[in-house]
$ cat target-v7.txt   # compact mmCIF, C-alpha atoms and all ligand atoms
# COMPACT_ATOMS: atom_id res chain seq x y z
CA MET L 18 3.39 -12.40 6.66
CA THR L 19 2.59 -11.59 10.29
CA ASP L 20 -0.46 -9.72 11.59
CA ASN L 21 -0.63 -8.62 15.23
CA GLY L 22 -3.87 -6.69 14.80
CA ARG L 23 -2.13 -3.30 14.67
CA GLU L 24 0.49 -3.97 12.05
CA ILE L 25 0.78 -6.38 9.12
CA LEU L 26 4.38 -7.20 8.26
CA VAL L 27 5.53 -8.63 4.94
CA THR L 28 9.22 -9.27 4.25
CA VAL L 29 10.95 -8.96 0.91
CA GLY L 30 13.61 -11.66 1.26
CA LEU L 31 16.73 -10.68 -0.64
CA GLY L 32 19.50 -11.94 1.64
CA ASN L 33 21.38 -9.08 3.27
CA ARG L 34 19.23 -6.62 1.28
CA SER L 35 15.96 -7.94 2.73
CA TYR L 36 13.51 -5.36 4.03
CA PRO L 37 10.17 -5.10 5.80
CA ILE L 38 6.90 -3.77 4.41
CA SER L 39 4.88 -2.50 7.34
CA ILE L 40 1.14 -1.91 6.84
CA SER L 41 -0.58 -0.06 9.64
CA ARG L 42 -3.27 2.58 9.91
CA GLY L 43 -2.03 5.88 11.28
CA GLN L 44 1.61 4.93 11.03
CA LEU L 45 2.60 8.15 9.29
CA THR L 46 2.61 9.71 12.74
CA LYS L 47 4.84 6.98 14.17
CA ILE L 48 7.37 6.23 11.45
CA GLY L 49 10.09 8.17 13.29
CA THR L 50 10.12 5.59 16.08
CA ASP L 51 10.83 2.69 13.74
CA ILE L 52 13.32 4.59 11.60
CA ALA L 53 15.25 5.70 14.68
CA ALA L 54 15.37 2.12 15.97
CA ARG L 55 16.63 0.81 12.63
CA LYS L 56 19.48 3.34 12.49
CA ILE L 57 19.00 3.79 8.76
CA GLY L 58 20.79 7.14 8.50
CA ASN L 59 22.26 10.02 10.47
CA ARG L 60 20.08 12.63 8.80
CA PHE L 61 17.03 12.33 6.59
CA CYS L 62 15.69 14.17 3.63
CA VAL L 63 12.03 13.64 2.87
CA ILE L 64 11.32 14.04 -0.85
CA SER L 65 7.74 14.64 -1.92
CA ASP L 66 5.72 16.28 -4.67
CA ASP L 67 4.13 19.64 -3.79
CA GLN L 68 0.64 18.15 -3.47
CA VAL L 69 1.54 15.28 -1.15
CA ALA L 70 3.92 17.50 0.82
CA GLY L 71 1.00 19.87 1.48
CA LEU L 72 -1.15 17.01 2.77
CA TYR L 73 1.31 14.82 4.66
CA GLY L 74 4.75 16.49 4.72
CA GLU L 75 4.30 18.14 8.07
CA VAL L 76 3.01 15.07 9.90
CA LEU L 77 5.87 12.91 8.62
CA MET L 78 8.47 15.58 9.41
CA GLN L 79 7.01 15.91 12.91
CA SER L 80 7.24 12.15 13.42
CA LEU L 81 10.96 12.23 12.52
CA LEU L 82 11.85 15.40 14.40
CA GLU L 83 10.13 14.38 17.65
CA LYS L 84 12.33 11.27 17.75
CA GLY L 85 15.38 13.53 17.58
CA LEU L 86 16.11 12.71 13.93
CA ALA L 87 17.51 15.56 11.82
CA ALA L 88 15.29 15.95 8.78
CA GLU L 89 14.64 18.28 5.84
CA LEU L 90 11.79 18.34 3.34
CA LEU L 91 12.44 18.87 -0.37
CA THR L 92 9.64 19.11 -2.92
CA PHE L 93 9.14 19.12 -6.68
CA PRO L 94 6.05 19.85 -8.80
CA HIS L 95 3.59 16.94 -8.86
CA GLY L 96 3.01 14.86 -11.98
CA GLU L 97 4.81 12.56 -14.39
CA ALA L 98 6.42 15.58 -16.12
CA SER L 99 8.72 15.91 -13.10
CA LYS L 100 10.05 12.37 -13.53
CA LYS L 101 13.05 13.56 -15.53
CA LEU L 102 16.80 13.95 -15.19
CA GLU L 103 16.52 17.69 -14.51
CA THR L 104 14.60 16.98 -11.30
CA ILE L 105 17.31 14.54 -10.21
CA GLY L 106 19.95 17.20 -10.88
CA THR L 107 18.05 19.86 -8.95
CA LEU L 108 17.45 17.59 -5.95
CA ALA L 109 21.07 16.36 -5.96
CA SER L 110 22.29 19.97 -5.88
CA GLN L 111 19.93 20.71 -3.00
CA LEU L 112 21.25 17.68 -1.09
CA ALA L 113 24.84 18.73 -1.72
CA GLY L 114 23.89 22.26 -0.64
CA ILE L 115 22.80 21.04 2.78
CA GLY L 116 25.90 18.87 3.08
CA PHE L 117 24.12 15.54 2.69
CA ASP L 118 26.65 12.69 2.81
CA ARG L 119 26.88 8.90 2.61
CA GLY L 120 25.72 8.47 6.20
CA ASP L 121 22.39 10.13 5.42
CA ALA L 122 19.18 8.72 3.94
CA LEU L 123 16.24 9.72 1.73
CA VAL L 124 12.55 9.17 2.41
CA ALA L 125 10.15 9.00 -0.56
CA LEU L 126 6.76 10.35 0.53
CA GLY L 127 4.29 10.09 -2.34
CA GLY L 128 3.10 8.10 -5.31
CA GLY L 129 5.07 6.16 -7.89
CA VAL L 130 6.58 9.29 -9.39
CA THR L 131 8.10 10.32 -6.05
CA GLY L 132 9.22 6.77 -5.29
CA ASP L 133 10.89 6.32 -8.69
CA ILE L 134 12.63 9.72 -8.49
CA THR L 135 13.79 9.29 -4.90
CA GLY L 136 14.96 5.71 -5.40
CA PHE L 137 16.92 6.69 -8.47
CA LEU L 138 18.50 9.66 -6.72
CA ALA L 139 19.37 7.47 -3.71
CA SER L 140 20.98 4.90 -6.00
CA ILE L 141 23.35 7.42 -7.58
CA TYR L 142 23.88 10.23 -5.04
CA MET L 143 27.44 9.73 -3.75
CA ARG L 144 27.27 6.32 -5.49
CA GLY L 145 24.39 5.20 -3.31
CA ILE L 146 22.73 6.14 -0.04
CA PRO L 147 19.90 4.34 1.78
CA PHE L 148 16.26 5.23 1.16
CA ILE L 149 12.84 4.45 2.57
CA GLN L 150 9.50 4.27 0.78
CA VAL L 151 6.36 5.85 2.24
CA PRO L 152 3.88 5.28 -0.61
CA THR L 153 0.71 7.38 -0.67
CA THR L 154 -1.17 6.17 -3.76
CA LEU L 155 -2.75 2.75 -4.03
CA LEU L 156 -0.55 2.03 -7.05
CA ALA L 157 2.56 2.85 -5.06
CA GLN L 158 1.39 0.86 -2.03
CA VAL L 159 0.70 -2.32 -3.98
CA ASP L 160 3.34 -2.08 -6.68
CA SER L 161 5.92 0.65 -7.25
CA SER L 162 7.28 1.02 -3.69
CA VAL L 163 8.17 -2.68 -3.55
CA GLY L 164 10.83 -4.33 -5.68
CA GLY L 165 13.47 -1.68 -6.24
CA LYS L 166 12.73 -0.43 -9.74
CA THR L 167 13.70 3.24 -9.89
CA GLY L 168 14.08 5.67 -12.73
CA VAL L 169 13.07 8.65 -14.81
CA ASP L 170 11.64 9.31 -18.26
CA ILE L 171 13.40 10.90 -21.22
CA PRO L 172 11.67 12.44 -24.26
CA GLU L 173 12.30 9.19 -26.16
CA GLY L 174 10.32 7.12 -23.68
CA LYS L 175 9.10 6.37 -20.17
CA ASN L 176 11.41 4.81 -17.59
CA LEU L 177 14.28 4.55 -20.08
CA ILE L 178 16.86 5.50 -17.46
CA GLY L 179 16.92 3.77 -14.12
CA THR L 180 18.39 1.31 -11.67
CA PHE L 181 17.41 -1.64 -9.53
CA TYR L 182 17.94 -0.37 -6.00
CA GLN L 183 16.02 -1.74 -3.04
CA PRO L 184 14.70 0.46 -0.22
CA GLN L 185 15.57 -0.20 3.43
CA ALA L 186 11.91 -0.36 4.43
CA VAL L 187 8.41 0.38 3.11
CA TYR L 188 5.84 2.00 5.41
CA ILE L 189 2.25 1.80 4.19
CA ASP L 190 -0.37 3.90 5.96
CA PRO L 191 -3.79 3.08 4.45
CA ASP L 192 -5.23 6.27 6.02
CA VAL L 193 -3.63 8.41 3.32
CA LEU L 194 -5.79 6.79 0.65
CA SER L 195 -8.79 8.76 1.95
CA THR L 196 -7.54 11.89 0.13
CA LEU L 197 -6.62 10.14 -3.10
CA PRO L 198 -8.72 11.28 -6.12
CA ASP L 199 -11.14 8.55 -7.30
CA GLN L 200 -9.39 8.13 -10.66
CA GLU L 201 -6.06 7.47 -8.93
CA LEU L 202 -7.70 4.90 -6.65
CA LEU L 203 -9.23 3.18 -9.68
CA GLY L 204 -5.87 3.17 -11.46
CA GLY L 205 -4.33 1.40 -8.47
CA LEU L 206 -7.18 -1.11 -8.44
CA ALA L 207 -6.28 -2.17 -11.98
CA GLU L 208 -2.86 -3.23 -10.70
CA VAL L 209 -4.53 -5.00 -7.76
CA ILE L 210 -6.77 -7.00 -10.11
CA LYS L 211 -3.68 -7.81 -12.16
CA TYR L 212 -2.22 -9.77 -9.20
CA GLY L 213 -5.34 -11.90 -9.04
CA VAL L 214 -5.19 -12.76 -12.73
CA ILE L 215 -1.48 -13.51 -12.90
CA TRP L 216 -1.01 -15.32 -9.59
CA ASP L 217 -3.93 -16.06 -7.31
CA LYS L 218 -7.48 -17.09 -8.23
CA GLU L 219 -8.55 -17.04 -4.59
CA PHE L 220 -7.47 -13.40 -4.38
CA PHE L 221 -9.30 -12.67 -7.65
CA ASP L 222 -12.48 -14.13 -6.12
CA PHE L 223 -11.89 -12.18 -2.90
CA LEU L 224 -11.74 -8.95 -4.93
CA SER L 225 -15.00 -9.78 -6.75
CA ALA L 226 -16.76 -10.65 -3.51
CA ASN L 227 -15.56 -7.56 -1.61
CA ARG L 228 -15.90 -4.87 -4.25
CA LYS L 229 -18.07 -2.51 -2.21
CA ALA L 230 -15.92 -2.75 0.91
CA ILE L 231 -12.77 -2.22 -1.16
CA LEU L 232 -14.14 0.87 -2.87
CA ALA L 233 -15.22 2.18 0.56
CA LEU L 234 -11.66 1.52 1.85
CA GLU L 235 -13.00 -0.60 4.69
CA ASP L 236 -10.36 -2.30 6.83
CA SER L 237 -11.91 -5.76 6.45
CA ALA L 238 -11.14 -5.68 2.72
CA LEU L 239 -8.43 -3.05 2.28
CA LEU L 240 -5.90 -4.46 4.74
CA PRO L 241 -5.92 -8.03 3.38
CA LEU L 242 -5.82 -6.56 -0.13
CA LEU L 243 -2.69 -4.50 0.59
CA ALA L 244 -1.04 -7.41 2.37
CA ARG L 245 -1.72 -9.94 -0.39
CA CYS L 246 -0.52 -7.63 -3.17
CA CYS L 247 2.71 -6.89 -1.29
CA GLU L 248 3.17 -10.59 -0.58
CA ILE L 249 2.78 -11.53 -4.25
CA LYS L 250 5.07 -8.72 -5.40
CA ALA L 251 7.66 -9.75 -2.80
CA GLN L 252 7.51 -13.38 -3.93
CA VAL L 253 7.98 -12.44 -7.59
CA VAL L 254 10.86 -10.04 -6.81
CA GLU L 255 12.56 -12.61 -4.57
CA GLU L 256 12.57 -15.08 -7.46
CA ASP L 257 13.58 -12.63 -10.18
CA GLU L 258 14.80 -9.29 -8.87
CA ARG L 259 16.19 -8.05 -12.19
CA GLU L 260 13.37 -9.13 -14.47
CA SER L 261 15.18 -11.80 -16.41
CA GLY L 262 12.13 -14.08 -16.41
CA LEU L 263 9.29 -14.42 -13.91
CA ARG L 264 9.05 -10.70 -13.03
CA ARG L 265 7.89 -10.03 -16.56
CA ILE L 266 4.47 -11.46 -15.64
CA LEU L 267 3.89 -8.20 -13.76
CA ASN L 268 3.59 -6.64 -17.20
CA PHE L 269 0.22 -8.33 -17.79
CA GLY L 270 -1.96 -5.78 -19.54
CA HIS L 271 0.98 -3.48 -20.13
CA THR L 272 1.76 -4.39 -23.77
CA ILE L 273 -1.42 -2.93 -25.24
CA GLY L 274 -1.99 -0.80 -22.12
CA HIS L 275 1.23 1.17 -22.62
CA ALA L 276 0.48 1.63 -26.31
CA VAL L 277 -2.99 2.95 -25.48
CA GLU L 278 -1.52 5.23 -22.81
CA ALA L 279 1.04 6.59 -25.29
CA ALA L 280 -1.55 6.99 -28.06
CA SER L 281 -3.67 9.05 -25.65
CA ASN L 282 -0.61 11.27 -25.16
CA PHE L 283 -0.71 10.20 -21.50
CA THR L 284 -4.09 11.85 -20.91
CA LEU L 285 -5.45 8.42 -19.92
CA ILE L 286 -3.96 7.55 -16.56
CA HIS L 287 -1.71 4.50 -16.44
CA GLY L 288 -3.96 2.14 -14.46
CA LEU L 289 -6.97 2.82 -16.67
CA ALA L 290 -4.92 2.08 -19.78
CA ILE L 291 -3.70 -1.13 -18.14
CA ALA L 292 -7.30 -2.19 -17.49
CA ILE L 293 -7.98 -1.90 -21.24
CA GLY L 294 -4.74 -3.78 -21.88
CA MET L 295 -5.74 -6.62 -19.53
CA ARG L 296 -9.06 -7.04 -21.29
CA ALA L 297 -7.31 -7.02 -24.68
CA ALA L 298 -4.64 -9.52 -23.57
CA SER L 299 -7.36 -11.84 -22.26
CA ASP L 300 -9.18 -11.67 -25.60
CA ILE L 301 -5.93 -12.38 -27.45
CA ALA L 302 -5.41 -15.41 -25.20
CA VAL L 303 -8.85 -16.71 -26.20
CA LEU L 304 -8.12 -16.16 -29.91
CA CYS L 305 -4.84 -18.06 -29.46
CA LYS L 306 -6.81 -20.85 -27.76
CA LEU L 307 -4.70 -20.47 -24.62
CA CYS L 308 -7.50 -19.36 -22.31
CA PRO L 309 -11.10 -20.52 -21.89
CA PRO L 310 -13.55 -17.76 -23.00
CA GLY L 311 -15.19 -17.88 -19.56
CA ASP L 312 -11.98 -16.77 -17.85
CA ALA L 313 -11.47 -13.86 -20.26
CA GLU L 314 -15.09 -12.91 -19.63
CA ALA L 315 -14.40 -12.99 -15.85
CA VAL L 316 -11.47 -10.58 -16.32
CA ARG L 317 -13.63 -8.21 -18.30
CA ARG L 318 -16.47 -8.46 -15.77
CA ILE L 319 -14.36 -7.69 -12.70
CA LEU L 320 -12.81 -4.67 -14.44
CA GLU L 321 -16.23 -3.36 -15.41
CA ASP L 322 -17.65 -4.03 -11.95
CA PHE L 323 -14.94 -1.89 -10.40
CA GLY L 324 -15.73 0.88 -12.90
CA LEU L 325 -12.56 0.43 -14.94
CA PRO L 326 -12.58 0.99 -18.71
CA VAL L 327 -12.39 -2.05 -20.98
CA GLU L 328 -12.69 -0.32 -24.34
CA ILE L 329 -10.15 1.78 -26.20
CA PRO L 330 -11.53 5.34 -26.28
CA SER L 331 -13.08 5.85 -29.73
CA GLU L 332 -11.02 8.96 -30.46
CA LEU L 333 -7.75 7.01 -30.27
CA ASP L 334 -6.24 5.96 -33.58
CA ARG L 335 -5.80 2.16 -33.74
CA LYS L 336 -2.89 2.61 -36.18
CA ALA L 337 -1.08 4.82 -33.67
CA ILE L 338 -1.60 2.15 -30.99
CA ARG L 339 -0.13 -0.42 -33.39
CA ARG L 340 2.93 1.81 -33.97
CA PHE L 341 3.46 2.30 -30.23
CA LEU L 342 3.33 -1.49 -29.75
CA LEU L 343 6.44 -1.80 -31.91
CA THR L 344 8.39 0.94 -30.12
CA ASP L 345 7.61 -0.25 -26.57
CA LYS L 346 10.71 -1.15 -24.59
CA LYS L 347 9.30 -4.63 -23.99
CA THR L 348 9.37 -5.19 -27.76
CA VAL L 349 12.65 -6.88 -28.68
CA GLY L 350 13.83 -6.97 -32.30
CA GLY L 351 10.32 -6.29 -33.59
CA ARG L 352 8.91 -9.16 -31.49
CA VAL L 353 5.99 -8.00 -29.41
CA PHE L 354 5.81 -9.85 -26.09
CA PHE L 355 2.50 -10.52 -24.40
CA VAL L 356 1.64 -11.85 -20.98
CA LEU L 357 -1.46 -13.95 -21.61
CA PRO L 358 -3.76 -15.63 -19.11
CA GLN L 359 -4.19 -19.40 -19.40
CA GLU L 360 -6.76 -19.34 -16.61
CA ILE L 361 -7.41 -16.98 -13.70
CA GLY L 362 -4.27 -17.19 -11.56
CA ARG L 363 -1.90 -18.47 -14.28
CA VAL L 364 -0.25 -16.66 -17.17
CA MET L 365 2.38 -17.30 -19.81
CA ILE L 366 4.71 -15.02 -21.77
CA THR L 367 4.82 -15.31 -25.54
CA ASP L 368 5.98 -13.44 -28.62
CA LYS L 369 4.06 -15.76 -30.91
CA VAL L 370 0.84 -13.81 -31.27
CA ALA L 371 -0.13 -13.43 -34.93
CA SER L 372 -0.39 -9.87 -36.20
CA ALA L 373 -3.89 -10.60 -37.45
CA ASP L 374 -4.99 -11.60 -33.93
CA ILE L 375 -3.59 -8.36 -32.48
CA ASP L 376 -5.42 -6.37 -35.17
CA GLU L 377 -8.66 -8.24 -34.60
CA VAL L 378 -8.58 -7.60 -30.87
CA LEU L 379 -7.62 -3.95 -31.33
CA ALA L 380 -10.53 -3.53 -33.74
CA ASN L 381 -12.95 -5.04 -31.23
CA THR L 382 -11.74 -3.41 -28.03
P1 LIG U 1 1.91 9.91 -8.87
O1 LIG U 1 3.04 9.68 -7.99
O2 LIG U 1 2.06 10.99 -9.91
O3 LIG U 1 0.63 10.23 -7.99
C1 LIG U 1 -0.59 10.56 -8.66
C2 LIG U 1 -1.17 11.89 -8.16
O4 LIG U 1 -1.74 11.67 -6.89
C3 LIG U 1 -0.15 13.01 -7.99
O5 LIG U 1 -0.71 14.19 -8.45
C4 LIG U 1 0.05 13.09 -6.47
O6 LIG U 1 0.38 14.39 -6.05
C5 LIG U 1 -1.29 12.66 -5.96
N1 LIG U 1 -1.27 11.98 -4.66
C6 LIG U 1 -0.42 11.03 -4.24
N2 LIG U 1 -0.80 10.56 -3.05
C7 LIG U 1 -1.92 11.24 -2.70
C8 LIG U 1 -2.78 11.19 -1.58
N3 LIG U 1 -2.64 10.28 -0.61
N4 LIG U 1 -3.82 12.04 -1.56
C9 LIG U 1 -4.03 12.94 -2.57
N5 LIG U 1 -3.26 13.01 -3.66
C10 LIG U 1 -2.22 12.16 -3.73
O7 LIG U 1 1.47 8.62 -9.68
P2 LIG U 1 1.30 7.08 -9.29
O8 LIG U 1 0.12 6.62 -10.05
O9 LIG U 1 1.36 6.84 -7.83
O10 LIG U 1 2.60 6.44 -9.92
C11 LIG U 1 2.83 6.43 -11.32
C12 LIG U 1 4.30 6.29 -11.55
O11 LIG U 1 4.75 5.09 -10.97
C13 LIG U 1 4.68 6.24 -13.02
O12 LIG U 1 5.77 7.09 -13.23
C14 LIG U 1 5.09 4.80 -13.23
O13 LIG U 1 6.08 4.66 -14.23
C15 LIG U 1 5.63 4.45 -11.87
N6 LIG U 1 5.62 3.02 -11.56
C16 LIG U 1 6.75 2.49 -11.06
C17 LIG U 1 6.79 1.14 -10.73
C18 LIG U 1 8.02 0.56 -10.12
O14 LIG U 1 8.08 -0.65 -9.93
N7 LIG U 1 8.99 1.36 -9.77
C19 LIG U 1 5.65 0.35 -10.89
C20 LIG U 1 4.50 0.93 -11.40
C21 LIG U 1 4.49 2.27 -11.74
N1 LIG U 2 5.71 -2.88 -11.82
C1 LIG U 2 6.45 -3.90 -12.46
C2 LIG U 2 7.65 -4.34 -11.70
O1 LIG U 2 7.92 -3.88 -10.63
O2 LIG U 2 8.37 -5.17 -12.19
$ encode --input "target-v7.txt" --output "structure tokens" --more "lines below"
Ligand code: NAD
Ligand code: GLY
Amino acid sequence: MTDNGREILVTVGLGNRSYPISISRGQLTKIGTDIAARKIGNRFCVISDDQVAGLYGEVLMQSLLEKGLAAELLTFPHGEASKKLETIGTLASQLAGIGFDRGDALVALGGGVTGDITGFLASIYMRGIPFIQVPTTLLAQVDSSVGGKTGVDIPEGKNLIGTFYQPQAVYIDPDVLSTLPDQELLGGLAEVIKYGVIWDKEFFDFLSANRKAILALEDSALLPLLARCCEIKAQVVEEDERESGLRRILNFGHTIGHAVEAASNFTLIHGLAIAIGMRAASDIAVLCKLCPPGDAEAVRRILEDFGLPVEIPSELDRKAIRRFLLTDKKTVGGRVFFVLPQEIGRVMITDKVASADIDEVLANT
């Protein structure tokens, strides 16, 4: 990581597919300069949901156009419901309609939905064209824009179709977080806390100590937070790009979290469900005698302090959550895999959790 006071630079080191993550306030207005210098494509198509396009589409387009780059803006309706094959088909037809070819590049301007859609489209349009990530939610800035997972949902499940396809660059402008709804910010913070639990106790302690400054999006806390999350994600992806081992630790909280999210019929936003899942996984780890109770208590406390939920909403049917656990795509041959903390900063992956322990924790969460 380098920090020259104006820009923090983190590199994702993947040989000749390595790319920079640039974190800098106000950079939405300047991205054109860097993109032009990198010669990423002849023409650009910015893809964004209608909400983000309304807020930031014009400023990004201006930044590209004033550097002499040819650029178009394509939008789709905001929300997870757009993350489907039909959207990919529509956007691909629009690209073909404007004569987009293999020398051209896509720019994802938005949250994880936009990044996943755009990355997937880039990976298959004309068998692959370059793309750039400009993440605008906290979740996308600390997680989904880095690491090359792309994809869409089908009625049978979330993210069931997709590719691993790395972007050419990631440009993070913390300024855009000022318009993010509070719930979306909180959802992103759950993923931030996740990094502390799975990888870095010092970072976990930093988050606890700087809660107010983080929630106020103050530079002193927000910039190191973004940088450290990107650094950890980069390190994990460098070691295990295609999730054959280590990368699975990023699923901490997701086993029960996804089941809770599905049981709520996706009315509970992802990050909030993951917060509940992290608390539940920590309690399971204590029951399995893998984690000291004090560490599980610390996970619960930090989540609560940030205003994240740690209890399954009472209206959700525990039996439905149990059923969703078995149909999750991380469940293999009926074996439910859990990422469990052994202490703050260290986790393990296991499919050896007794059913009775899962039931006990579900009953008490
Ligand atoms: P999202 O992209 O739907 O964004 C959430 C909402 O915030 C949208 O309504 C959007 O219009 C709005 N928004 C975005 N930026 C804004 C801003 N700066 N100001 C105001 N409003 C803004 O959702 P998300 O939470 O960013 O991402 C969730 C998606 O990410 C899911 O589909 C999930 O599967 C995916 N994901 C992917 C990865 C990966 O590695 N590829 C990792 C985690 C999650
Ligand atoms: N968000 C999990 C991953 O990128 O692997």
$ residues_near_point --input "target-v7.txt" --point "(-2.7, -14.4, -17.3)" --cutoff "12 Å" --atoms "only C-alpha atoms" --output "PyMOL selection string"
chain L and resi 210-218+221+265-271+294-303+307-309+312-313+315-316+355-367
$ closest_atom_pairs --input "target-v7.txt" --of "stretch 68-182 of chain L" --to "stretch 37-60 of chain L" --cutoff "7 Å" --atoms "all atoms listed in the file" --output "CSV"
residue,atom,partner,partner_atom,distance
L:Val76,CA,L:Thr46,CA,6.1
L:Leu77,CA,L:Leu45,CA,5.8
L:Ser80,CA,L:Gly49,CA,4.9
L:Leu81,CA,L:Gly49,CA,4.2
L:Lys84,CA,L:Gly49,CA,5.9
L:Leu86,CA,L:Arg60,CA,6.5
L:Ala87,CA,L:Arg60,CA,4.9
L:Ala88,CA,L:Arg60,CA,5.8
L:Gly120,CA,L:Gly58,CA,5.6
L:Asp121,CA,L:Gly58,CA,4.6
L:Ala122,CA,L:Gly58,CA,5.1
$ residues_near_ligand --input "target-v7.txt" --ligand "ligand LIG 1 (chain U)" --cutoff "7 Å" --atoms "only C-alpha atoms and all ligand atoms" --output "ChimeraX atom specification"
/L:66-69,95-97,100,127-131,133,153-157,160-167,175-176,193-198,201,287
$ residues_around --input "target-v7.txt" --residues "L:Gly288" --least-positions-apart "4" --cutoff "7 Å" --atoms "only C-alpha atoms" --output "VMD selection string"
chain L and resid 204 to 205 207 to 208 292
$ axis_aligned_box --input "target-v7.txt" --around "ligand LIG 2 (chain U)" --padding-each-side "8 Å" --output "lines of an AutoDock Vina configuration file"
center_x = 7.0
center_y = -4.0
center_z = -11.5
size_x = 18.7
size_y = 18.3
size_z = 17.8
$ closest_residue --input "target-v7.txt" --among "L:Glu256, L:Gly114, L:Asp334, L:Ala109" --to "L:Gly32" --atoms "all atoms listed in the file"
L:Glu256
$ closest_residue --input "target-v7.txt" --among "L:Ile178, L:Val159, L:Val378, L:Leu285" --to "ligand LIG 2 (chain U)" --atoms "all atoms listed in the file"
L:Val159
$ closest_residue --input "target-v7.txt" --among "L:Ala337, L:Ile319, L:Ile149, L:Ile291" --to "ligand LIG 2 (chain U)" --atoms "all atoms listed in the file"
L:Ile291
$ residues_around --input "target-v7.txt" --residues "L:Tyr142" --least-positions-apart "2" --cutoff "9 Å" --atoms "only C-alpha atoms" --output "ChimeraX atom specification"
/L:109,112,118-119,137-140,144-146
